[in-house]
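Trainee: There's a structure below that I have some questions on.
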Amino acid sequence: LKHTDIVVVTSSTVGYQAYLLGLKVISVELSVFSKDMPYEKFGMSTAVTDLNDLENAIENITNKNNGVKKKVQNATAAISRIVDNILEP
């Protein structure tokens, strides 16, 4: 993971790991499991609900990241934000 720029997931802990490493995550919200791990709702990803939009999402993130170094997040702070998002009504 540390050698990637973008991670595309449906529902997997790989998306969570990528987020904690400071990588950009695109979640394809077309799986029956998407409701179990709504990455976008947790503020961890850019969601795609149509596969035709995936290429544009990748291009948008790639263009925003040109020349920008990855920033590794404080894991405790990241987990706290995710828990707060889960507990919101």
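Each chain in the structure tokens gets a letter, A, B and so on, in the order shown; residues start at 1 in every chain, and ligands are counted from 1 in the order they appear.
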Pick out each residue of chain A that DSSP on the backbone tags as helix (DSSP H, G or I); I need them as a PDB file with all heavy atoms, in the first residue's frame.

Mentor:
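Dumped to part.pdb:
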ATOM      1  N   THR A  13     -11.161  -3.984   4.494  1.00  0.00           N
ATOM      2  CA  THR A  13     -10.332  -3.245   5.445  1.00  0.00           C
ATOM      3  C   THR A  13      -9.137  -2.601   4.758  1.00  0.00           C
ATOM      4  O   THR A  13      -8.487  -1.742   5.337  1.00  0.00           O
ATOM      5  CB  THR A  13      -9.839  -4.167   6.585  1.00  0.00           C
ATOM      6  OG1 THR A  13      -9.082  -5.239   6.022  1.00  0.00           O
ATOM      7  CG2 THR A  13     -10.997  -4.697   7.402  1.00  0.00           C
ATOM      8  N   VAL A  14      -8.874  -2.964   3.513  1.00  0.00           N
ATOM      9  CA  VAL A  14      -7.777  -2.348   2.765  1.00  0.00           C
ATOM     10  C   VAL A  14      -8.048  -0.845   2.605  1.00  0.00           C
ATOM     11  O   VAL A  14      -7.135  -0.031   2.702  1.00  0.00           O
ATOM     12  CB  VAL A  14      -7.577  -3.032   1.398  1.00  0.00           C
ATOM     13  CG1 VAL A  14      -6.573  -2.275   0.544  1.00  0.00           C
ATOM     14  CG2 VAL A  14      -7.139  -4.466   1.599  1.00  0.00           C
ATOM     15  N   GLY A  15      -9.296  -0.472   2.392  1.00  0.00           N
ATOM     16  CA  GLY A  15      -9.640   0.947   2.284  1.00  0.00           C
ATOM     17  C   GLY A  15      -9.352   1.684   3.581  1.00  0.00           C
ATOM     18  O   GLY A  15      -8.848   2.810   3.571  1.00  0.00           O
ATOM     19  N   TYR A  16      -9.649   1.061   4.687  1.00  0.00           N
ATOM     20  CA  TYR A  16      -9.374   1.643   6.000  1.00  0.00           C
ATOM     21  C   TYR A  16      -7.868   1.788   6.220  1.00  0.00           C
ATOM     22  O   TYR A  16      -7.380   2.831   6.666  1.00  0.00           O
ATOM     23  CB  TYR A  16     -10.010   0.774   7.083  1.00  0.00           C
ATOM     24  CG  TYR A  16      -9.800   1.269   8.481  1.00  0.00           C
ATOM     25  CD1 TYR A  16     -10.321   2.489   8.878  1.00  0.00           C
ATOM     26  CD2 TYR A  16      -9.089   0.518   9.394  1.00  0.00           C
ATOM     27  CE1 TYR A  16     -10.115   2.951  10.166  1.00  0.00           C
ATOM     28  CE2 TYR A  16      -8.891   0.971  10.684  1.00  0.00           C
ATOM     29  CZ  TYR A  16      -9.416   2.193  11.067  1.00  0.00           C
ATOM     30  OH  TYR A  16      -9.213   2.645  12.333  1.00  0.00           O
ATOM     31  N   GLN A  17      -7.128   0.764   5.867  1.00  0.00           N
ATOM     32  CA  GLN A  17      -5.668   0.811   6.007  1.00  0.00           C
ATOM     33  C   GLN A  17      -5.083   1.911   5.124  1.00  0.00           C
ATOM     34  O   GLN A  17      -4.191   2.655   5.551  1.00  0.00           O
ATOM     35  CB  GLN A  17      -5.059  -0.541   5.627  1.00  0.00           C
ATOM     36  CG  GLN A  17      -5.420  -1.660   6.579  1.00  0.00           C
ATOM     37  CD  GLN A  17      -5.075  -3.030   6.017  1.00  0.00           C
ATOM     38  OE1 GLN A  17      -4.275  -3.156   5.093  1.00  0.00           O
ATOM     39  NE2 GLN A  17      -5.682  -4.063   6.567  1.00  0.00           N
ATOM     40  N   ALA A  18      -5.590   2.033   3.909  1.00  0.00           N
ATOM     41  CA  ALA A  18      -5.111   3.066   2.991  1.00  0.00           C
ATOM     42  C   ALA A  18      -5.394   4.448   3.558  1.00  0.00           C
ATOM     43  O   ALA A  18      -4.532   5.337   3.512  1.00  0.00           O
ATOM     44  CB  ALA A  18      -5.781   2.904   1.630  1.00  0.00           C
ATOM     45  N   TYR A  19      -6.570   4.631   4.106  1.00  0.00           N
ATOM     46  CA  TYR A  19      -6.934   5.917   4.710  1.00  0.00           C
ATOM     47  C   TYR A  19      -5.978   6.276   5.847  1.00  0.00           C
ATOM     48  O   TYR A  19      -5.513   7.402   5.944  1.00  0.00           O
ATOM     49  CB  TYR A  19      -8.377   5.853   5.210  1.00  0.00           C
ATOM     50  CG  TYR A  19      -8.797   7.050   6.012  1.00  0.00           C
ATOM     51  CD1 TYR A  19      -9.102   8.251   5.385  1.00  0.00           C
ATOM     52  CD2 TYR A  19      -8.873   6.984   7.395  1.00  0.00           C
ATOM     53  CE1 TYR A  19      -9.483   9.361   6.127  1.00  0.00           C
ATOM     54  CE2 TYR A  19      -9.246   8.085   8.141  1.00  0.00           C
ATOM     55  CZ  TYR A  19      -9.561   9.271   7.504  1.00  0.00           C
ATOM     56  OH  TYR A  19      -9.928  10.365   8.241  1.00  0.00           O
ATOM     57  N   LEU A  20      -5.674   5.307   6.686  1.00  0.00           N
ATOM     58  CA  LEU A  20      -4.761   5.561   7.804  1.00  0.00           C
ATOM     59  C   LEU A  20      -3.347   5.890   7.330  1.00  0.00           C
ATOM     60  O   LEU A  20      -2.607   6.594   8.018  1.00  0.00           O
ATOM     61  CB  LEU A  20      -4.733   4.371   8.763  1.00  0.00           C
ATOM     62  CG  LEU A  20      -6.000   4.150   9.579  1.00  0.00           C
ATOM     63  CD1 LEU A  20      -5.878   2.885  10.418  1.00  0.00           C
ATOM     64  CD2 LEU A  20      -6.313   5.348  10.457  1.00  0.00           C
ATOM     65  N   LEU A  51     -20.140   2.792 -12.177  1.00  0.00           N
ATOM     66  CA  LEU A  51     -18.796   2.465 -12.672  1.00  0.00           C
ATOM     67  C   LEU A  51     -18.335   3.397 -13.785  1.00  0.00           C
ATOM     68  O   LEU A  51     -17.142   3.594 -13.979  1.00  0.00           O
ATOM     69  CB  LEU A  51     -18.737   1.015 -13.145  1.00  0.00           C
ATOM     70  CG  LEU A  51     -18.730  -0.038 -12.039  1.00  0.00           C
ATOM     71  CD1 LEU A  51     -18.692  -1.443 -12.641  1.00  0.00           C
ATOM     72  CD2 LEU A  51     -17.547   0.170 -11.102  1.00  0.00           C
ATOM     73  N   ASN A  52     -19.268   4.001 -14.489  1.00  0.00           N
ATOM     74  CA  ASN A  52     -18.897   4.956 -15.535  1.00  0.00           C
ATOM     75  C   ASN A  52     -18.230   6.204 -14.955  1.00  0.00           C
ATOM     76  O   ASN A  52     -17.563   6.936 -15.674  1.00  0.00           O
ATOM     77  CB  ASN A  52     -20.120   5.356 -16.360  1.00  0.00           C
ATOM     78  CG  ASN A  52     -20.669   4.190 -17.162  1.00  0.00           C
ATOM     79  OD1 ASN A  52     -19.914   3.414 -17.737  1.00  0.00           O
ATOM     80  ND2 ASN A  52     -21.980   4.057 -17.178  1.00  0.00           N
ATOM     81  N   ASP A  53     -18.415   6.457 -13.662  1.00  0.00           N
ATOM     82  CA  ASP A  53     -17.821   7.624 -13.005  1.00  0.00           C
ATOM     83  C   ASP A  53     -16.451   7.327 -12.390  1.00  0.00           C
ATOM     84  O   ASP A  53     -15.778   8.240 -11.918  1.00  0.00           O
ATOM     85  CB  ASP A  53     -18.749   8.142 -11.899  1.00  0.00           C
ATOM     86  CG  ASP A  53     -20.079   8.625 -12.453  1.00  0.00           C
ATOM     87  OD1 ASP A  53     -20.108   9.069 -13.617  1.00  0.00           O
ATOM     88  OD2 ASP A  53     -21.085   8.555 -11.717  1.00  0.00           O
ATOM     89  N   LEU A  54     -16.044   6.068 -12.387  1.00  0.00           N
ATOM     90  CA  LEU A  54     -14.791   5.687 -11.732  1.00  0.00           C
ATOM     91  C   LEU A  54     -13.572   6.354 -12.382  1.00  0.00           C
ATOM     92  O   LEU A  54     -12.712   6.899 -11.692  1.00  0.00           O
ATOM     93  CB  LEU A  54     -14.624   4.166 -11.733  1.00  0.00           C
ATOM     94  CG  LEU A  54     -13.374   3.623 -11.053  1.00  0.00           C
ATOM     95  CD1 LEU A  54     -13.310   4.060  -9.590  1.00  0.00           C
ATOM     96  CD2 LEU A  54     -13.354   2.099 -11.148  1.00  0.00           C
ATOM     97  N   GLU A  55     -13.517   6.362 -13.687  1.00  0.00           N
ATOM     98  CA  GLU A  55     -12.372   6.965 -14.378  1.00  0.00           C
ATOM     99  C   GLU A  55     -12.256   8.451 -14.034  1.00  0.00           C
ATOM    100  O   GLU A  55     -11.166   8.950 -13.751  1.00  0.00           O
ATOM    101  CB  GLU A  55     -12.489   6.777 -15.887  1.00  0.00           C
ATOM    102  CG  GLU A  55     -11.301   7.309 -16.652  1.00  0.00           C
ATOM    103  CD  GLU A  55     -11.384   7.044 -18.148  1.00  0.00           C
ATOM    104  OE1 GLU A  55     -12.301   6.325 -18.597  1.00  0.00           O
ATOM    105  OE2 GLU A  55     -10.520   7.562 -18.865  1.00  0.00           O
ATOM    106  N   ASN A  56     -13.384   9.164 -14.020  1.00  0.00           N
ATOM    107  CA  ASN A  56     -13.356  10.589 -13.678  1.00  0.00           C
ATOM    108  C   ASN A  56     -12.908  10.803 -12.244  1.00  0.00           C
ATOM    109  O   ASN A  56     -12.161  11.749 -11.953  1.00  0.00           O
ATOM    110  CB  ASN A  56     -14.734  11.221 -13.884  1.00  0.00           C
ATOM    111  CG  ASN A  56     -15.062  11.412 -15.348  1.00  0.00           C
ATOM    112  OD1 ASN A  56     -14.163  11.534 -16.179  1.00  0.00           O
ATOM    113  ND2 ASN A  56     -16.339  11.435 -15.660  1.00  0.00           N
ATOM    114  N   ALA A  57     -13.345   9.949 -11.335  1.00  0.00           N
ATOM    115  CA  ALA A  57     -12.938  10.072  -9.928  1.00  0.00           C
ATOM    116  C   ALA A  57     -11.433   9.891  -9.788  1.00  0.00           C
ATOM    117  O   ALA A  57     -10.772  10.647  -9.069  1.00  0.00           O
ATOM    118  CB  ALA A  57     -13.694   9.062  -9.065  1.00  0.00           C
ATOM    119  N   ILE A  58     -10.882   8.919 -10.491  1.00  0.00           N
ATOM    120  CA  ILE A  58      -9.434   8.686 -10.449  1.00  0.00           C
ATOM    121  C   ILE A  58      -8.695   9.886 -11.032  1.00  0.00           C
ATOM    122  O   ILE A  58      -7.718  10.365 -10.449  1.00  0.00           O
ATOM    123  CB  ILE A  58      -9.063   7.387 -11.197  1.00  0.00           C
ATOM    124  CG1 ILE A  58      -9.614   6.180 -10.441  1.00  0.00           C
ATOM    125  CG2 ILE A  58      -7.550   7.271 -11.375  1.00  0.00           C
ATOM    126  CD1 ILE A  58      -9.523   4.868 -11.200  1.00  0.00           C
ATOM    127  N   GLU A  59      -9.167  10.395 -12.153  1.00  0.00           N
ATOM    128  CA  GLU A  59      -8.521  11.556 -12.776  1.00  0.00           C
ATOM    129  C   GLU A  59      -8.579  12.777 -11.865  1.00  0.00           C
ATOM    130  O   GLU A  59      -7.595  13.507 -11.740  1.00  0.00           O
ATOM    131  CB  GLU A  59      -9.168  11.866 -14.120  1.00  0.00           C
ATOM    132  CG  GLU A  59      -8.791  10.890 -15.204  1.00  0.00           C
ATOM    133  CD  GLU A  59      -9.482  11.175 -16.529  1.00  0.00           C
ATOM    134  OE1 GLU A  59     -10.168  12.222 -16.663  1.00  0.00           O
ATOM    135  OE2 GLU A  59      -9.341  10.342 -17.433  1.00  0.00           O
ATOM    136  N   ASN A  60      -9.718  13.013 -11.231  1.00  0.00           N
ATOM    137  CA  ASN A  60      -9.854  14.163 -10.330  1.00  0.00           C
ATOM    138  C   ASN A  60      -8.869  14.074  -9.172  1.00  0.00           C
ATOM    139  O   ASN A  60      -8.230  15.065  -8.819  1.00  0.00           O
ATOM    140  CB  ASN A  60     -11.281  14.267  -9.791  1.00  0.00           C
ATOM    141  CG  ASN A  60     -12.261  14.732 -10.834  1.00  0.00           C
ATOM    142  OD1 ASN A  60     -11.887  15.336 -11.833  1.00  0.00           O
ATOM    143  ND2 ASN A  60     -13.532  14.439 -10.619  1.00  0.00           N
ATOM    144  N   ILE A  61      -8.756  12.911  -8.580  1.00  0.00           N
ATOM    145  CA  ILE A  61      -7.834  12.749  -7.454  1.00  0.00           C
ATOM    146  C   ILE A  61      -6.389  12.856  -7.925  1.00  0.00           C
ATOM    147  O   ILE A  61      -5.563  13.500  -7.283  1.00  0.00           O
ATOM    148  CB  ILE A  61      -8.084  11.410  -6.733  1.00  0.00           C
ATOM    149  CG1 ILE A  61      -9.410  11.498  -5.976  1.00  0.00           C
ATOM    150  CG2 ILE A  61      -6.942  11.065  -5.793  1.00  0.00           C
ATOM    151  CD1 ILE A  61      -9.865  10.208  -5.343  1.00  0.00           C
ATOM    152  N   THR A  62      -6.081  12.257  -9.073  1.00  0.00           N
ATOM    153  CA  THR A  62      -4.722  12.310  -9.607  1.00  0.00           C
ATOM    154  C   THR A  62      -4.320  13.746  -9.904  1.00  0.00           C
ATOM    155  O   THR A  62      -3.216  14.175  -9.566  1.00  0.00           O
ATOM    156  CB  THR A  62      -4.606  11.450 -10.878  1.00  0.00           C
ATOM    157  OG1 THR A  62      -4.987  10.115 -10.564  1.00  0.00           O
ATOM    158  CG2 THR A  62      -3.198  11.447 -11.413  1.00  0.00           C
ATOM    159  N   ASN A  63      -5.213  14.511 -10.496  1.00  0.00           N
ATOM    160  CA  ASN A  63      -4.905  15.906 -10.829  1.00  0.00           C
ATOM    161  C   ASN A  63      -4.704  16.746  -9.571  1.00  0.00           C
ATOM    162  O   ASN A  63      -3.869  17.633  -9.542  1.00  0.00           O
ATOM    163  CB  ASN A  63      -6.010  16.511 -11.688  1.00  0.00           C
ATOM    164  CG  ASN A  63      -6.025  15.912 -13.085  1.00  0.00           C
ATOM    165  OD1 ASN A  63      -5.022  15.400 -13.555  1.00  0.00           O
ATOM    166  ND2 ASN A  63      -7.167  15.975 -13.732  1.00  0.00           N
ATOM    167  N   LYS A  64      -5.458  16.481  -8.516  1.00  0.00           N
ATOM    168  CA  LYS A  64      -5.331  17.228  -7.263  1.00  0.00           C
ATOM    169  C   LYS A  64      -4.025  16.898  -6.550  1.00  0.00           C
ATOM    170  O   LYS A  64      -3.503  17.700  -5.796  1.00  0.00           O
ATOM    171  CB  LYS A  64      -6.497  16.924  -6.323  1.00  0.00           C
ATOM    172  CG  LYS A  64      -7.804  17.531  -6.762  1.00  0.00           C
ATOM    173  CD  LYS A  64      -8.901  17.173  -5.791  1.00  0.00           C
ATOM    174  CE  LYS A  64     -10.247  17.647  -6.283  1.00  0.00           C
ATOM    175  NZ  LYS A  64     -11.330  17.221  -5.389  1.00  0.00           N
ATOM    176  N   ASN A  65      -3.504  15.681  -6.760  1.00  0.00           N
ATOM    177  CA  ASN A  65      -2.330  15.229  -6.024  1.00  0.00           C
ATOM    178  C   ASN A  65      -1.013  15.456  -6.746  1.00  0.00           C
ATOM    179  O   ASN A  65       0.035  15.087  -6.231  1.00  0.00           O
ATOM    180  CB  ASN A  65      -2.456  13.730  -5.701  1.00  0.00           C
ATOM    181  CG  ASN A  65      -3.466  13.477  -4.627  1.00  0.00           C
ATOM    182  OD1 ASN A  65      -3.838  14.384  -3.893  1.00  0.00           O
ATOM    183  ND2 ASN A  65      -3.935  12.254  -4.524  1.00  0.00           N
ATOM    184  N   ALA A  75      -2.960   7.878  13.671  1.00  0.00           N
ATOM    185  CA  ALA A  75      -3.957   6.806  13.663  1.00  0.00           C
ATOM    186  C   ALA A  75      -5.019   7.004  14.732  1.00  0.00           C
ATOM    187  O   ALA A  75      -6.207   6.770  14.488  1.00  0.00           O
ATOM    188  CB  ALA A  75      -3.275   5.451  13.837  1.00  0.00           C
ATOM    189  N   THR A  76      -4.644   7.441  15.915  1.00  0.00           N
ATOM    190  CA  THR A  76      -5.625   7.633  16.987  1.00  0.00           C
ATOM    191  C   THR A  76      -6.635   8.695  16.601  1.00  0.00           C
ATOM    192  O   THR A  76      -7.845   8.512  16.787  1.00  0.00           O
ATOM    193  CB  THR A  76      -4.920   8.018  18.302  1.00  0.00           C
ATOM    194  OG1 THR A  76      -3.984   7.001  18.630  1.00  0.00           O
ATOM    195  CG2 THR A  76      -5.921   8.176  19.430  1.00  0.00           C
ATOM    196  N   ALA A  77      -6.175   9.797  16.045  1.00  0.00           N
ATOM    197  CA  ALA A  77      -7.088  10.861  15.639  1.00  0.00           C
ATOM    198  C   ALA A  77      -8.009  10.391  14.516  1.00  0.00           C
ATOM    199  O   ALA A  77      -9.203  10.694  14.511  1.00  0.00           O
ATOM    200  CB  ALA A  77      -6.293  12.085  15.206  1.00  0.00           C
ATOM    201  N   ALA A  78      -7.457   9.627  13.569  1.00  0.00           N
ATOM    202  CA  ALA A  78      -8.261   9.120  12.461  1.00  0.00           C
ATOM    203  C   ALA A  78      -9.338   8.170  12.966  1.00  0.00           C
ATOM    204  O   ALA A  78     -10.494   8.243  12.548  1.00  0.00           O
ATOM    205  CB  ALA A  78      -7.368   8.425  11.437  1.00  0.00           C
ATOM    206  N   ILE A  79      -8.984   7.294  13.868  1.00  0.00           N
ATOM    207  CA  ILE A  79      -9.958   6.347  14.424  1.00  0.00           C
ATOM    208  C   ILE A  79     -11.029   7.086  15.209  1.00  0.00           C
ATOM    209  O   ILE A  79     -12.217   6.782  15.110  1.00  0.00           O
ATOM    210  CB  ILE A  79      -9.249   5.288  15.293  1.00  0.00           C
ATOM    211  CG1 ILE A  79      -8.397   4.385  14.402  1.00  0.00           C
ATOM    212  CG2 ILE A  79     -10.261   4.470  16.100  1.00  0.00           C
ATOM    213  CD1 ILE A  79      -7.438   3.492  15.152  1.00  0.00           C
ATOM    214  N   SER A  80     -10.639   8.099  15.957  1.00  0.00           N
ATOM    215  CA  SER A  80     -11.616   8.887  16.718  1.00  0.00           C
ATOM    216  C   SER A  80     -12.617   9.558  15.793  1.00  0.00           C
ATOM    217  O   SER A  80     -13.817   9.579  16.077  1.00  0.00           O
ATOM    218  CB  SER A  80     -10.908   9.949  17.562  1.00  0.00           C
ATOM    219  OG  SER A  80     -10.157   9.342  18.577  1.00  0.00           O
ATOM    220  N   ARG A  81     -12.150  10.120  14.668  1.00  0.00           N
ATOM    221  CA  ARG A  81     -13.066  10.761  13.713  1.00  0.00           C
ATOM    222  C   ARG A  81     -14.030   9.742  13.129  1.00  0.00           C
ATOM    223  O   ARG A  81     -15.224  10.002  12.974  1.00  0.00           O
ATOM    224  CB  ARG A  81     -12.285  11.428  12.591  1.00  0.00           C
ATOM    225  CG  ARG A  81     -11.742  12.787  12.937  1.00  0.00           C
ATOM    226  CD  ARG A  81     -11.263  13.553  11.702  1.00  0.00           C
ATOM    227  NE  ARG A  81     -10.287  12.821  10.899  1.00  0.00           N
ATOM    228  CZ  ARG A  81      -8.988  12.747  11.159  1.00  0.00           C
ATOM    229  NH1 ARG A  81      -8.490  13.353  12.212  1.00  0.00           N
ATOM    230  NH2 ARG A  81      -8.182  12.066  10.372  1.00  0.00           N
ATOM    231  N   ILE A  82     -13.533   8.556  12.814  1.00  0.00           N
ATOM    232  CA  ILE A  82     -14.399   7.524  12.239  1.00  0.00           C
ATOM    233  C   ILE A  82     -15.452   7.094  13.249  1.00  0.00           C
ATOM    234  O   ILE A  82     -16.630   6.965  12.921  1.00  0.00           O
ATOM    235  CB  ILE A  82     -13.556   6.321  11.762  1.00  0.00           C
ATOM    236  CG1 ILE A  82     -12.707   6.746  10.571  1.00  0.00           C
ATOM    237  CG2 ILE A  82     -14.445   5.136  11.391  1.00  0.00           C
ATOM    238  CD1 ILE A  82     -11.626   5.760  10.205  1.00  0.00           C
ATOM    239  N   VAL A  83     -15.048   6.877  14.485  1.00  0.00           N
ATOM    240  CA  VAL A  83     -16.004   6.482  15.531  1.00  0.00           C
ATOM    241  C   VAL A  83     -17.052   7.562  15.715  1.00  0.00           C
ATOM    242  O   VAL A  83     -18.242   7.288  15.827  1.00  0.00           O
ATOM    243  CB  VAL A  83     -15.272   6.163  16.856  1.00  0.00           C
ATOM    244  CG1 VAL A  83     -16.261   6.002  17.989  1.00  0.00           C
ATOM    245  CG2 VAL A  83     -14.417   4.917  16.705  1.00  0.00           C
ATOM    246  N   ASP A  84     -16.631   8.833  15.737  1.00  0.00           N
ATOM    247  CA  ASP A  84     -17.589   9.932  15.854  1.00  0.00           C
ATOM    248  C   ASP A  84     -18.600   9.917  14.713  1.00  0.00           C
ATOM    249  O   ASP A  84     -19.797  10.111  14.937  1.00  0.00           O
ATOM    250  CB  ASP A  84     -16.863  11.287  15.877  1.00  0.00           C
ATOM    251  CG  ASP A  84     -16.110  11.527  17.182  1.00  0.00           C
ATOM    252  OD1 ASP A  84     -16.424  10.836  18.185  1.00  0.00           O
ATOM    253  OD2 ASP A  84     -15.242  12.419  17.196  1.00  0.00           O
ATOM    254  N   ASN A  85     -18.121   9.660  13.489  1.00  0.00           N
ATOM    255  CA  ASN A  85     -19.027   9.588  12.338  1.00  0.00           C
ATOM    256  C   ASN A  85     -19.992   8.420  12.437  1.00  0.00           C
ATOM    257  O   ASN A  85     -21.152   8.531  12.062  1.00  0.00           O
ATOM    258  CB  ASN A  85     -18.239   9.495  11.024  1.00  0.00           C
ATOM    259  CG  ASN A  85     -17.599  10.803  10.644  1.00  0.00           C
ATOM    260  OD1 ASN A  85     -18.082  11.865  11.004  1.00  0.00           O
ATOM    261  ND2 ASN A  85     -16.503  10.729   9.938  1.00  0.00           N
ATOM    262  N   ILE A  86     -19.522   7.295  12.958  1.00  0.00           N
ATOM    263  CA  ILE A  86     -20.397   6.130  13.109  1.00  0.00           C
ATOM    264  C   ILE A  86     -21.480   6.410  14.143  1.00  0.00           C
ATOM    265  O   ILE A  86     -22.638   6.018  13.965  1.00  0.00           O
ATOM    266  CB  ILE A  86     -19.572   4.892  13.537  1.00  0.00           C
ATOM    267  CG1 ILE A  86     -18.667   4.448  12.391  1.00  0.00           C
ATOM    268  CG2 ILE A  86     -20.480   3.747  13.982  1.00  0.00           C
ATOM    269  CD1 ILE A  86     -17.657   3.396  12.786  1.00  0.00           C
ATOM    270  N   LEU A  87     -21.132   7.099  15.204  1.00  0.00           N
ATOM    271  CA  LEU A  87     -22.076   7.340  16.287  1.00  0.00           C
ATOM    272  C   LEU A  87     -23.058   8.475  16.024  1.00  0.00           C
ATOM    273  O   LEU A  87     -24.043   8.615  16.746  1.00  0.00           O
ATOM    274  CB  LEU A  87     -21.324   7.609  17.591  1.00  0.00           C
ATOM    275  CG  LEU A  87     -20.483   6.444  18.108  1.00  0.00           C
ATOM    276  CD1 LEU A  87     -19.708   6.856  19.344  1.00  0.00           C
ATOM    277  CD2 LEU A  87     -21.364   5.234  18.396  1.00  0.00           C
TER     278      LEU A  87
END

Trainee: What's the 12 Å shell around Lys35 of chain A, counting only C-alpha atoms, without same-chain residues fewer than 5 positions away, as a PyMOL selection string?

Mentor: chain A and resi 10-12+27-30+40-42+86

Trainee: Grab the residues selected above and save them as a tab-separated table (two decimals), in the first residue's frame with all heavy atoms.

Mentor:
chain	number	residue	atom	x	y	z
A	10	THR	N	-14.41	-1.88	-2.78
A	10	THR	CA	-15.87	-1.99	-2.64
A	10	THR	C	-16.17	-1.98	-1.16
A	10	THR	O	-16.74	-1.03	-0.65
A	10	THR	CB	-16.43	-3.25	-3.33
A	10	THR	OG1	-15.71	-4.39	-2.87
A	10	THR	CG2	-16.34	-3.14	-4.83
A	11	SER	N	-15.76	-3.00	-0.46
A	11	SER	CA	-15.84	-3.00	1.00
A	11	SER	C	-14.76	-3.94	1.50
A	11	SER	O	-14.77	-5.13	1.22
A	11	SER	CB	-17.22	-3.45	1.49
A	11	SER	OG	-17.49	-4.76	1.09
A	12	SER	N	-13.81	-3.37	2.17
A	12	SER	CA	-12.64	-4.12	2.60
A	12	SER	C	-11.88	-3.31	3.62
A	12	SER	O	-11.93	-2.08	3.61
A	12	SER	CB	-11.75	-4.40	1.38
A	12	SER	OG	-10.48	-4.82	1.77
A	27	SER	N	-14.30	4.60	-3.07
A	27	SER	CA	-15.14	3.45	-2.73
A	27	SER	C	-16.22	3.30	-3.80
A	27	SER	O	-16.92	4.24	-4.13
A	27	SER	CB	-15.77	3.62	-1.35
A	27	SER	OG	-16.48	4.83	-1.26
A	28	VAL	N	-16.30	2.10	-4.35
A	28	VAL	CA	-17.33	1.78	-5.33
A	28	VAL	C	-18.52	1.26	-4.55
A	28	VAL	O	-18.49	0.16	-4.01
A	28	VAL	CB	-16.81	0.74	-6.36
A	28	VAL	CG1	-17.89	0.40	-7.36
A	28	VAL	CG2	-15.55	1.25	-7.05
A	29	GLU	N	-19.54	2.08	-4.45
A	29	GLU	CA	-20.69	1.80	-3.59
A	29	GLU	C	-21.75	0.98	-4.33
A	29	GLU	O	-22.91	1.37	-4.40
A	29	GLU	CB	-21.29	3.12	-3.09
A	29	GLU	CG	-20.32	4.02	-2.37
A	29	GLU	CD	-19.93	3.52	-0.99
A	29	GLU	OE1	-20.71	2.76	-0.40
A	29	GLU	OE2	-18.84	3.89	-0.53
A	30	LEU	N	-21.35	-0.15	-4.86
A	30	LEU	CA	-22.26	-1.02	-5.62
A	30	LEU	C	-22.36	-2.42	-5.03
A	30	LEU	O	-23.05	-3.26	-5.58
A	30	LEU	CB	-21.81	-1.11	-7.08
A	30	LEU	CG	-21.80	0.21	-7.85
A	30	LEU	CD1	-21.14	0.04	-9.22
A	30	LEU	CD2	-23.20	0.76	-8.00
A	40	GLU	N	-17.40	6.74	2.42
A	40	GLU	CA	-17.64	8.18	2.20
A	40	GLU	C	-18.34	8.80	3.41
A	40	GLU	O	-17.97	9.89	3.85
A	40	GLU	CB	-18.45	8.43	0.94
A	40	GLU	CG	-18.61	9.92	0.67
A	40	GLU	CD	-19.34	10.22	-0.61
A	40	GLU	OE1	-20.44	9.68	-0.82
A	40	GLU	OE2	-18.80	11.00	-1.39
A	41	LYS	N	-19.31	8.11	3.96
A	41	LYS	CA	-20.01	8.63	5.14
A	41	LYS	C	-19.04	8.86	6.29
A	41	LYS	O	-19.20	9.80	7.08
A	41	LYS	CB	-21.10	7.66	5.58
A	41	LYS	CG	-21.85	8.11	6.81
A	41	LYS	CD	-22.88	7.11	7.26
A	41	LYS	CE	-23.49	7.56	8.59
A	41	LYS	NZ	-24.31	6.52	9.17
A	42	PHE	N	-18.02	8.04	6.40
A	42	PHE	CA	-17.04	8.17	7.47
A	42	PHE	C	-15.97	9.20	7.13
A	42	PHE	O	-15.05	9.43	7.91
A	42	PHE	CB	-16.35	6.83	7.74
A	42	PHE	CG	-17.28	5.74	8.21
A	42	PHE	CD1	-16.96	4.42	7.99
A	42	PHE	CD2	-18.46	6.03	8.88
A	42	PHE	CE1	-17.79	3.39	8.43
A	42	PHE	CE2	-19.30	5.01	9.31
A	42	PHE	CZ	-18.96	3.70	9.09
A	86	ILE	N	-19.52	7.30	12.96
A	86	ILE	CA	-20.40	6.13	13.11
A	86	ILE	C	-21.48	6.41	14.14
A	86	ILE	O	-22.64	6.02	13.97
A	86	ILE	CB	-19.57	4.89	13.54
A	86	ILE	CG1	-18.67	4.45	12.39
A	86	ILE	CG2	-20.48	3.75	13.98
A	86	ILE	CD1	-17.66	3.40	12.79

Trainee: I'd like the interatomic distance between atom CA of Asp5 of chain A and atom CA of Lys24 of chain A, to a tenth of an Å.

Mentor: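 Straight-line distance from atom CA of Asp5 of chain A to atom CA of Lys24 of chain A works out to 6.6 Å.
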
Trainee: DSSP says strand (DSSP E) for which residues of chain A? Put them as a ChimeraX atom specification?

Mentor: /A:6-9,24-28,46-48

Trainee: Kindly give the distance, in Å, that separates atom CA of Val8 of chain A and atom CA of Val25 of chain A, rounded to a single decimal.

Mentor: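 Those two atoms sit 5.9 Å apart.
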
Trainee: From the set A:Phe33, A:Val7, A:Thr46, A:Pro38, which residue has the shortest atom-to-atom contact distance to Leu21 of chain A, counting only C-alpha atoms?

Mentor: A:Val7

Trainee: Atom CA of Val48 of chain A to atom CA of Ser34 of chain A: how many Å, to one decimal?

Mentor: 11.1 Å
